[in-house]
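Printed here is structure_30.cif (mmCIF, C-alpha atoms and all ligand atoms):
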data_final
#
loop_
_atom_site.label_atom_id
_atom_site.label_comp_id
_atom_site.auth_asym_id
_atom_site.auth_seq_id
_atom_site.Cartn_x
_atom_site.Cartn_y
_atom_site.Cartn_z
CA MET M 970 28.58 -3.82 -38.40
CA SER M 971 29.38 -3.31 -34.71
CA SER M 972 28.52 0.39 -35.03
CA PHE M 973 25.03 -0.63 -36.25
CA PHE M 974 24.36 -2.46 -32.97
CA THR M 975 25.52 0.50 -30.87
CA SER M 976 23.51 3.02 -32.93
CA SER M 977 20.00 3.93 -31.75
CA ILE M 978 18.37 2.22 -34.73
CA GLY M 979 20.48 -0.92 -34.20
CA LYS M 980 19.58 -1.08 -30.51
CA LYS M 981 15.88 -0.55 -31.34
CA THR M 982 16.06 -3.36 -33.94
CA LEU M 983 17.67 -5.74 -31.44
CA LEU M 984 15.13 -4.70 -28.79
CA SER M 985 12.35 -5.64 -31.21
CA VAL M 986 13.97 -8.95 -32.21
CA SER M 987 14.36 -9.91 -28.53
CA GLY M 988 10.73 -8.77 -28.05
CA PHE M 989 9.55 -11.13 -30.84
CA PHE M 990 11.47 -13.94 -29.16
CA LEU M 991 9.82 -13.20 -25.78
CA ILE M 992 6.40 -12.97 -27.47
CA THR M 993 6.94 -16.50 -28.84
CA PHE M 994 7.90 -17.70 -25.35
CA LEU M 995 4.77 -16.08 -23.87
CA CYS M 996 2.53 -17.90 -26.40
CA VAL M 997 4.10 -21.27 -25.51
CA HIS M 998 4.10 -20.52 -21.76
CA LEU M 999 0.46 -19.43 -21.75
CA THR M 1000 -0.63 -22.49 -23.76
CA ALA M 1001 1.17 -24.77 -21.28
CA ASN M 1002 -0.25 -22.90 -18.27
CA LEU M 1003 -3.82 -23.05 -19.56
CA MET M 1004 -3.52 -26.84 -19.16
CA LEU M 1005 -3.98 -26.08 -15.43
CA LEU M 1006 -7.66 -25.58 -16.28
CA VAL M 1007 -7.99 -28.79 -18.31
CA GLU M 1008 -9.26 -31.90 -16.55
CA SER M 1009 -8.19 -35.34 -17.71
CA LYS M 1010 -10.92 -38.00 -18.08
CA GLU M 1011 -8.83 -40.82 -16.59
CA GLY M 1012 -6.08 -39.21 -14.49
CA PRO M 1013 -6.32 -37.19 -11.26
CA LYS M 1014 -6.72 -33.39 -11.18
CA GLY M 1015 -3.79 -31.64 -12.81
CA ALA M 1016 -2.64 -34.74 -14.72
CA VAL M 1017 -2.61 -32.93 -18.08
CA PHE M 1018 -0.62 -29.96 -16.72
CA ASN M 1019 1.85 -32.28 -14.96
CA GLU M 1020 2.40 -34.25 -18.19
CA VAL M 1021 3.09 -31.02 -20.10
CA CYS M 1022 5.55 -29.80 -17.41
CA HIS M 1023 7.29 -33.18 -17.38
CA PHE M 1024 7.60 -33.13 -21.16
CA MET M 1025 9.10 -29.60 -21.02
CA ALA M 1026 11.50 -30.51 -18.21
CA SER M 1027 12.81 -33.63 -19.96
CA ASN M 1028 12.86 -32.39 -23.56
CA PRO M 1029 16.46 -31.71 -24.76
CA VAL M 1030 15.33 -28.89 -27.10
CA VAL M 1031 13.69 -27.04 -24.17
CA LYS M 1032 16.89 -27.50 -22.13
CA VAL M 1033 18.90 -25.76 -24.87
CA ILE M 1034 16.30 -22.97 -25.21
CA GLU M 1035 16.23 -22.15 -21.44
CA PRO M 1036 19.61 -20.30 -21.31
CA VAL M 1037 18.75 -18.61 -24.64
CA LEU M 1038 15.50 -17.41 -23.03
CA ALA M 1039 17.42 -15.96 -20.06
CA LEU M 1040 19.73 -14.18 -22.54
CA GLY M 1041 16.68 -12.90 -24.47
CA PHE M 1042 15.24 -11.36 -21.29
CA ALA M 1043 18.63 -9.89 -20.32
CA LEU M 1044 19.17 -8.37 -23.78
CA HIS M 1045 15.64 -6.89 -23.79
CA ILE M 1046 16.15 -5.30 -20.35
CA VAL M 1047 19.66 -3.94 -21.06
CA LEU M 1048 18.69 -2.45 -24.46
CA ALA M 1049 15.45 -0.92 -23.11
CA SER M 1050 17.38 0.69 -20.22
CA TRP M 1051 20.15 1.93 -22.53
CA LEU M 1052 17.69 3.46 -25.04
CA THR M 1053 15.59 5.05 -22.28
CA LEU M 1054 18.64 6.66 -20.67
CA GLN M 1055 19.90 7.82 -24.08
CA ASN M 1056 16.53 9.34 -24.96
CA ARG M 1057 16.28 11.10 -21.60
CA ALA M 1058 19.78 12.56 -21.99
CA ALA M 1059 18.96 13.77 -25.50
CA ARG M 1060 15.63 15.24 -24.45
CA PRO M 1061 15.89 16.65 -20.92
CA VAL M 1062 12.75 18.76 -21.40
CA LYS M 1063 9.61 16.63 -21.83
CA TYR M 1064 7.46 17.08 -24.93
CA ALA M 1065 4.18 18.88 -24.43
CA ARG M 1066 1.45 16.32 -23.76
CA SER M 1067 -1.08 18.00 -26.05
CA GLU M 1068 -0.56 15.80 -29.17
CA GLN M 1069 -0.52 12.57 -27.19
CA SER M 1070 -3.70 11.52 -25.54
CA GLY M 1071 -5.62 8.41 -24.61
CA ASN M 1072 -4.54 4.96 -23.56
CA ALA M 1073 -2.17 4.33 -26.51
CA ALA M 1074 -0.16 7.42 -25.70
CA TRP M 1075 -0.04 6.51 -22.02
CA THR M 1076 1.36 3.01 -22.67
CA SER M 1077 3.91 4.24 -25.22
CA ARG M 1078 5.16 6.88 -22.76
CA ASN M 1079 5.33 4.38 -19.91
CA MET M 1080 6.82 1.30 -21.60
CA TYR M 1081 9.93 1.42 -19.42
CA ILE M 1082 8.09 1.65 -16.10
CA LEU M 1083 5.66 -1.08 -17.23
CA GLY M 1084 8.68 -3.25 -18.17
CA ALA M 1085 10.31 -2.58 -14.79
CA LEU M 1086 7.12 -3.60 -12.94
CA ILE M 1087 6.89 -6.77 -15.07
CA LEU M 1088 10.51 -7.52 -14.11
CA VAL M 1089 9.62 -7.24 -10.40
CA PHE M 1090 6.66 -9.58 -11.02
CA LEU M 1091 8.93 -11.97 -12.96
CA LEU M 1092 11.51 -12.17 -10.16
CA ILE M 1093 8.79 -13.00 -7.59
CA HIS M 1094 7.28 -15.49 -10.06
CA LEU M 1095 10.62 -17.27 -10.67
CA TRP M 1096 11.12 -17.51 -6.91
CA ASN M 1097 7.59 -19.00 -6.50
CA PHE M 1098 7.96 -21.76 -9.10
CA TRP M 1099 11.19 -21.96 -11.08
CA TRP M 1100 13.43 -21.75 -8.01
CA ARG M 1101 11.46 -24.48 -6.17
CA ILE M 1102 11.43 -26.81 -9.18
CA LYS M 1103 14.93 -26.29 -10.53
CA ILE M 1104 17.07 -25.19 -7.57
CA ALA M 1105 15.45 -26.07 -4.20
CA ASP M 1106 13.96 -29.28 -5.67
CA ASP M 1107 11.37 -29.45 -2.88
CA VAL M 1108 8.26 -29.93 -5.02
CA PRO M 1109 6.09 -32.96 -4.07
CA LYS M 1110 6.47 -35.94 -6.41
CA ILE M 1111 3.64 -37.90 -8.03
CA GLY M 1112 3.25 -41.30 -6.33
CA ASP M 1113 6.48 -43.31 -6.39
CA THR M 1114 7.74 -41.57 -9.52
CA GLU M 1115 10.38 -38.86 -9.92
CA MET M 1116 7.81 -36.64 -11.67
CA ASP M 1117 7.16 -33.27 -10.02
CA ASP M 1118 3.57 -32.51 -8.99
CA THR M 1119 3.79 -29.02 -10.51
CA TYR M 1120 -0.03 -28.76 -10.39
CA ALA M 1121 0.10 -29.08 -6.58
CA LEU M 1122 2.78 -26.35 -6.43
CA VAL M 1123 0.90 -23.84 -8.62
CA SER M 1124 -2.64 -24.57 -7.40
CA GLY M 1125 -1.37 -24.60 -3.79
CA LEU M 1126 -0.02 -21.06 -4.12
CA PHE M 1127 -3.23 -19.71 -5.64
CA LYS M 1128 -5.56 -21.58 -3.29
CA GLU M 1129 -3.63 -20.48 -0.20
CA SER M 1130 -2.92 -16.87 -1.03
CA PHE M 1131 -5.41 -14.23 -2.10
CA LEU M 1132 -2.54 -11.72 -2.32
CA TYR M 1133 -0.60 -13.89 -4.77
CA CYS M 1134 -3.76 -14.26 -6.87
CA LEU M 1135 -4.03 -10.47 -7.03
CA LEU M 1136 -0.31 -10.15 -7.86
CA TYR M 1137 -0.62 -12.62 -10.76
CA ILE M 1138 -3.76 -10.91 -12.07
CA LEU M 1139 -1.88 -7.60 -11.92
CA GLY M 1140 1.10 -9.25 -13.68
CA GLY M 1141 -1.22 -10.29 -16.54
CA ILE M 1142 -2.68 -6.77 -16.81
CA LEU M 1143 0.78 -5.11 -16.82
CA LEU M 1144 1.97 -7.54 -19.48
CA GLY M 1145 -1.14 -6.81 -21.58
CA LEU M 1146 -0.51 -3.05 -21.35
CA HIS M 1147 3.19 -3.49 -22.25
CA LEU M 1148 2.28 -5.65 -25.27
CA SER M 1149 -0.52 -3.34 -26.46
CA HIS M 1150 2.18 -0.90 -27.54
CA GLY M 1151 5.21 -3.24 -27.84
CA PHE M 1152 3.67 -5.63 -30.38
CA GLY M 1153 3.02 -3.04 -33.13
CA SER M 1154 6.11 -1.03 -32.26
CA ALA M 1155 8.35 -4.10 -32.75
CA PHE M 1156 7.05 -4.60 -36.31
CA GLN M 1157 7.58 -0.93 -37.04
CA SER M 1158 11.16 -0.96 -35.72
CA VAL M 1159 12.20 -3.84 -37.96
CA GLY M 1160 10.61 -2.13 -40.95
CA LEU M 1161 7.66 -4.54 -41.28
CA SER M 1162 5.05 -1.82 -41.30
CA ASN M 1163 3.66 0.77 -43.70
CA ARG M 1164 0.77 3.21 -43.73
CA VAL M 1165 -1.85 0.51 -44.36
CA TRP M 1166 -0.36 -2.06 -42.01
CA ARG M 1167 0.27 0.41 -39.15
CA LYS M 1168 -3.46 0.48 -38.31
CA ARG M 1169 -3.83 -3.28 -38.73
CA LEU M 1170 -0.81 -3.98 -36.53
CA LYS M 1171 -2.16 -1.61 -33.90
CA PHE M 1172 -5.41 -3.60 -33.88
CA LEU M 1173 -3.55 -6.94 -33.83
CA GLY M 1174 -1.39 -5.59 -30.97
CA TYR M 1175 -4.50 -4.79 -28.91
CA LEU M 1176 -6.01 -8.18 -29.70
CA PHE M 1177 -2.79 -10.01 -28.78
CA ALA M 1178 -2.45 -7.95 -25.58
CA ILE M 1179 -6.01 -8.85 -24.55
CA VAL M 1180 -5.47 -12.57 -25.26
CA ILE M 1181 -2.18 -12.71 -23.31
CA GLY M 1182 -3.31 -10.45 -20.45
CA THR M 1183 -6.65 -12.21 -20.01
CA GLY M 1184 -5.12 -15.66 -20.54
CA PHE M 1185 -2.58 -15.26 -17.72
CA SER M 1186 -5.04 -13.48 -15.42
CA ILE M 1187 -7.83 -16.09 -15.64
CA ILE M 1188 -5.53 -18.77 -14.14
CA PRO M 1189 -5.28 -17.23 -10.63
CA LEU M 1190 -8.91 -16.09 -10.97
CA TYR M 1191 -9.97 -19.70 -11.64
CA PHE M 1192 -8.40 -20.89 -8.35
CA MET M 1193 -9.49 -17.77 -6.46
CA LEU M 1194 -13.13 -18.49 -7.38
CA GLY M 1195 -12.76 -22.05 -6.11
CA PHE M 1196 -12.88 -23.88 -9.46
CA GLY M 1197 -9.58 -25.71 -8.89
CA ASN M 1198 -10.80 -27.58 -5.82
C1 LIG H 1 -0.81 -17.47 -14.15
C2 LIG H 1 0.34 -17.14 -14.58
C3 LIG H 1 1.57 -18.01 -14.63
C4 LIG H 1 1.76 -19.31 -14.20
C5 LIG H 1 0.77 -20.26 -13.55
C6 LIG H 1 3.14 -19.67 -14.51
C7 LIG H 1 3.75 -20.87 -14.22
C8 LIG H 1 5.10 -21.14 -14.33
C9 LIG H 1 5.75 -22.34 -13.86
C10 LIG H 1 5.05 -23.53 -13.19
C11 LIG H 1 7.08 -22.23 -14.14
C12 LIG H 1 8.19 -23.26 -13.84
C13 LIG H 1 8.35 -24.14 -15.05
C14 LIG H 1 9.49 -25.13 -14.86
O1 LIG H 1 10.61 -24.68 -14.63
O2 LIG H 1 9.24 -26.34 -15.00
C15 LIG H 1 7.27 -20.94 -14.79
C16 LIG H 1 8.47 -20.47 -15.24
C17 LIG H 1 8.64 -19.27 -15.90
N1 LIG H 1 7.68 -18.32 -16.13
FE1 LIG H 1 5.73 -18.46 -15.66
N2 LIG H 1 3.75 -18.59 -15.14
C18 LIG H 1 2.83 -17.56 -15.22
C19 LIG H 1 3.02 -16.29 -15.76
C20 LIG H 1 4.20 -15.86 -16.32
C21 LIG H 1 4.39 -14.56 -16.94
C22 LIG H 1 3.30 -13.50 -17.06
C23 LIG H 1 5.69 -14.52 -17.37
C24 LIG H 1 6.42 -13.42 -18.07
C25 LIG H 1 6.30 -12.16 -17.80
C26 LIG H 1 6.32 -15.79 -17.01
C27 LIG H 1 7.63 -16.11 -17.24
C28 LIG H 1 8.26 -17.27 -16.80
C29 LIG H 1 9.67 -17.56 -17.03
C30 LIG H 1 10.67 -16.68 -17.76
C31 LIG H 1 9.91 -18.81 -16.46
C32 LIG H 1 11.25 -19.58 -16.41
C33 LIG H 1 11.46 -20.36 -17.68
C34 LIG H 1 10.81 -21.68 -17.65
O3 LIG H 1 11.01 -22.43 -16.71
O4 LIG H 1 10.08 -22.01 -18.63
N3 LIG H 1 5.38 -16.58 -16.37
N4 LIG H 1 6.04 -20.31 -14.88
#

Show me this structure written as structure tokens.
Amino acid sequence: MSSFFTSSIGKKTLLSVSGFFLITFLCVHLTANLMLLVESKEGPKGAVFNEVCHFMASNPVVKVIEPVLALGFALHIVLASWLTLQNRAARPVKYARSEQSGNAAWTSRNMYILGALILVFLLIHLWNFWWRIKIADDVPKIGDTEMDDTYALVSGLFKESFLYCLLYILGGILLGLHLSHGFGSAFQSVGLSNRVWRKRLKFLGYLFAIVIGTGFSIIPLYFMLGFGN
């Protein structure tokens, strides 16, 4: 069994399983973040987003999932690095480019560099928000309550910094490109693909990549264009 996980196919399977887990996280994270754009009829601006963040921060299930999420990211990064190094060692001379062309070929050839750039984005992102909420604990509170005004933290960053807006838009685009190949490839690696489904999964992968990439990018764009005022 242990030799399966150290074999190339085992590592690829685990890479895909961790990818599916991260895809699920991205769907939940994007849904929660889109609440930044939703206005409550009664409450002040950002009330809906703050309620969602408070629910996430106080929910025991989310507390258990957080370290699992960190492990999921770590596993995905370690396995991707291991497989990339292994492939490079096995194939020191690059394949001729002739049979691979277009955007799909570009993303599949550059999955590792796209992943590395997303990691850089993620580290900056965690420092912007997660660190301030969970470690520094210097986020403004709502009224006399102990509830964080996470809306003020996020909207403040985007309203104050054009550069951060661009960085987050770029982060969404990089993630979209990574997913446009990763989504279909993950199904293929775990054996959930055949000749008919390969094309469908490719299409679904593009669709998913567009939804996730656009979804994350429109948030900074919304504040950049002055809608969050
Ligand atoms: C407009 C884009 C985004 C916004 C506004 C946003 C917002 C946030 C906020 C407010 C937190 C802190 C949550 C808390 O600890 O209470 C957070 C955490 C986190 N974000 Fe994002 N995020 C964005 C994009 C992304 C992207 C693209 C990724 C993945 C590549 C990502 C991955 C994470 C992770 C791993 C955490 C830490 C886990 C957690 O606290 O849930 N975020 N994000």

Using all atoms listed in the file, find each residue of chain M with at least one atom at most 8 Å away from an atom of ligand LIG 1 (chain H); report its shortest atom-to-atom pair and that distance in Å (one decimal), sort the rows by chain and rising residue number, and return the result as JSON lines.
{"residue": "M:Leu995", "atom": "CA", "partner": "H:LIG1", "partner_atom": "C24", "distance": 6.6}
{"residue": "M:His998", "atom": "CA", "partner": "H:LIG1", "partner_atom": "FE1", "distance": 6.6}
{"residue": "M:Leu999", "atom": "CA", "partner": "H:LIG1", "partner_atom": "C18", "distance": 7.2}
{"residue": "M:Asn1002", "atom": "CA", "partner": "H:LIG1", "partner_atom": "C5", "distance": 5.5}
{"residue": "M:Leu1005", "atom": "CA", "partner": "H:LIG1", "partner_atom": "C5", "distance": 7.7}
{"residue": "M:Cys1022", "atom": "CA", "partner": "H:LIG1", "partner_atom": "O2", "distance": 5.6}
{"residue": "M:His1023", "atom": "CA", "partner": "H:LIG1", "partner_atom": "O2", "distance": 7.5}
{"residue": "M:Met1025", "atom": "CA", "partner": "H:LIG1", "partner_atom": "O2", "distance": 6.8}
{"residue": "M:Ala1026", "atom": "CA", "partner": "H:LIG1", "partner_atom": "O2", "distance": 5.7}
{"residue": "M:Glu1035", "atom": "CA", "partner": "H:LIG1", "partner_atom": "C33", "distance": 6.3}
{"residue": "M:Leu1038", "atom": "CA", "partner": "H:LIG1", "partner_atom": "C30", "distance": 7.2}
{"residue": "M:Ala1039", "atom": "CA", "partner": "H:LIG1", "partner_atom": "C30", "distance": 7.2}
{"residue": "M:Phe1042", "atom": "CA", "partner": "H:LIG1", "partner_atom": "C30", "distance": 7.9}
{"residue": "M:Ile1087", "atom": "CA", "partner": "H:LIG1", "partner_atom": "C25", "distance": 6.1}
{"residue": "M:Leu1088", "atom": "CA", "partner": "H:LIG1", "partner_atom": "C25", "distance": 7.3}
{"residue": "M:Phe1090", "atom": "CA", "partner": "H:LIG1", "partner_atom": "C25", "distance": 7.3}
{"residue": "M:Leu1091", "atom": "CA", "partner": "H:LIG1", "partner_atom": "C25", "distance": 5.5}
{"residue": "M:His1094", "atom": "CA", "partner": "H:LIG1", "partner_atom": "FE1", "distance": 6.5}
{"residue": "M:Leu1095", "atom": "CA", "partner": "H:LIG1", "partner_atom": "C17", "distance": 5.9}
{"residue": "M:Phe1098", "atom": "CA", "partner": "H:LIG1", "partner_atom": "C12", "distance": 5.0}
{"residue": "M:Trp1099", "atom": "CA", "partner": "H:LIG1", "partner_atom": "C12", "distance": 4.3}
{"residue": "M:Trp1100", "atom": "CA", "partner": "H:LIG1", "partner_atom": "O1", "distance": 7.8}
{"residue": "M:Ile1102", "atom": "CA", "partner": "H:LIG1", "partner_atom": "O1", "distance": 5.9}
{"residue": "M:Lys1103", "atom": "CA", "partner": "H:LIG1", "partner_atom": "O1", "distance": 6.2}
{"residue": "M:Thr1119", "atom": "CA", "partner": "H:LIG1", "partner_atom": "C10", "distance": 6.2}
{"residue": "M:Tyr1120", "atom": "CA", "partner": "H:LIG1", "partner_atom": "C10", "distance": 7.8}
{"residue": "M:Leu1122", "atom": "CA", "partner": "H:LIG1", "partner_atom": "C10", "distance": 7.7}
{"residue": "M:Val1123", "atom": "CA", "partner": "H:LIG1", "partner_atom": "C5", "distance": 6.1}
{"residue": "M:Tyr1137", "atom": "CA", "partner": "H:LIG1", "partner_atom": "C1", "distance": 5.9}
{"residue": "M:Ile1138", "atom": "CA", "partner": "H:LIG1", "partner_atom": "C1", "distance": 7.5}
{"residue": "M:Gly1140", "atom": "CA", "partner": "H:LIG1", "partner_atom": "C22", "distance": 5.9}
{"residue": "M:Gly1141", "atom": "CA", "partner": "H:LIG1", "partner_atom": "C22", "distance": 5.6}
{"residue": "M:Leu1144", "atom": "CA", "partner": "H:LIG1", "partner_atom": "C25", "distance": 6.6}
{"residue": "M:Gly1184", "atom": "CA", "partner": "H:LIG1", "partner_atom": "C1", "distance": 7.9}
{"residue": "M:Phe1185", "atom": "CA", "partner": "H:LIG1", "partner_atom": "C1", "distance": 4.6}
{"residue": "M:Ser1186", "atom": "CA", "partner": "H:LIG1", "partner_atom": "C1", "distance": 6.0}
{"residue": "M:Ile1187", "atom": "CA", "partner": "H:LIG1", "partner_atom": "C1", "distance": 7.3}
{"residue": "M:Ile1188", "atom": "CA", "partner": "H:LIG1", "partner_atom": "C1", "distance": 4.9}
{"residue": "M:Pro1189", "atom": "CA", "partner": "H:LIG1", "partner_atom": "C1", "distance": 5.7}

*Measuring atom to atom with only C-alpha atoms, identify which of M:Asn1163, M:Thr993, M:Leu1052, M:Gly1015 is nearest to M:Ile1034.*
M:Thr993

*Work out how far atom CA of M:Thr1076 is from atom CA of M:Ala1178, in Å to one decimal.*
12.0 Å

*Separation of atom CA of M:Gly1174 from atom CA of M:Ile992, in Å and rounded to one decimal*: 11.3 Å

*Could you name the residues that touch stretch 976-990 of chain M at 10 Å or less, counting only C-alpha atoms, but leaving out those on the same chain fewer than 6 positions away, as an MDAnalysis selection string?*
chainID M and resid 970 1037:1038 1040:1049 1051:1052 1055:1056 1148 1151:1160

*Taking (9.4, -31.2, -9.0) in the file's own coordinates, collect the residues within 6 Å, counting all atoms listed in the file, and hand them back as an NGL selection string.*
:M and (1102 or 1106 or 1108 or 1117-1118)

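Here atom CA of M:Phe1131 and atom CA of M:Tyr1081 stand 27.9 Å from one another.
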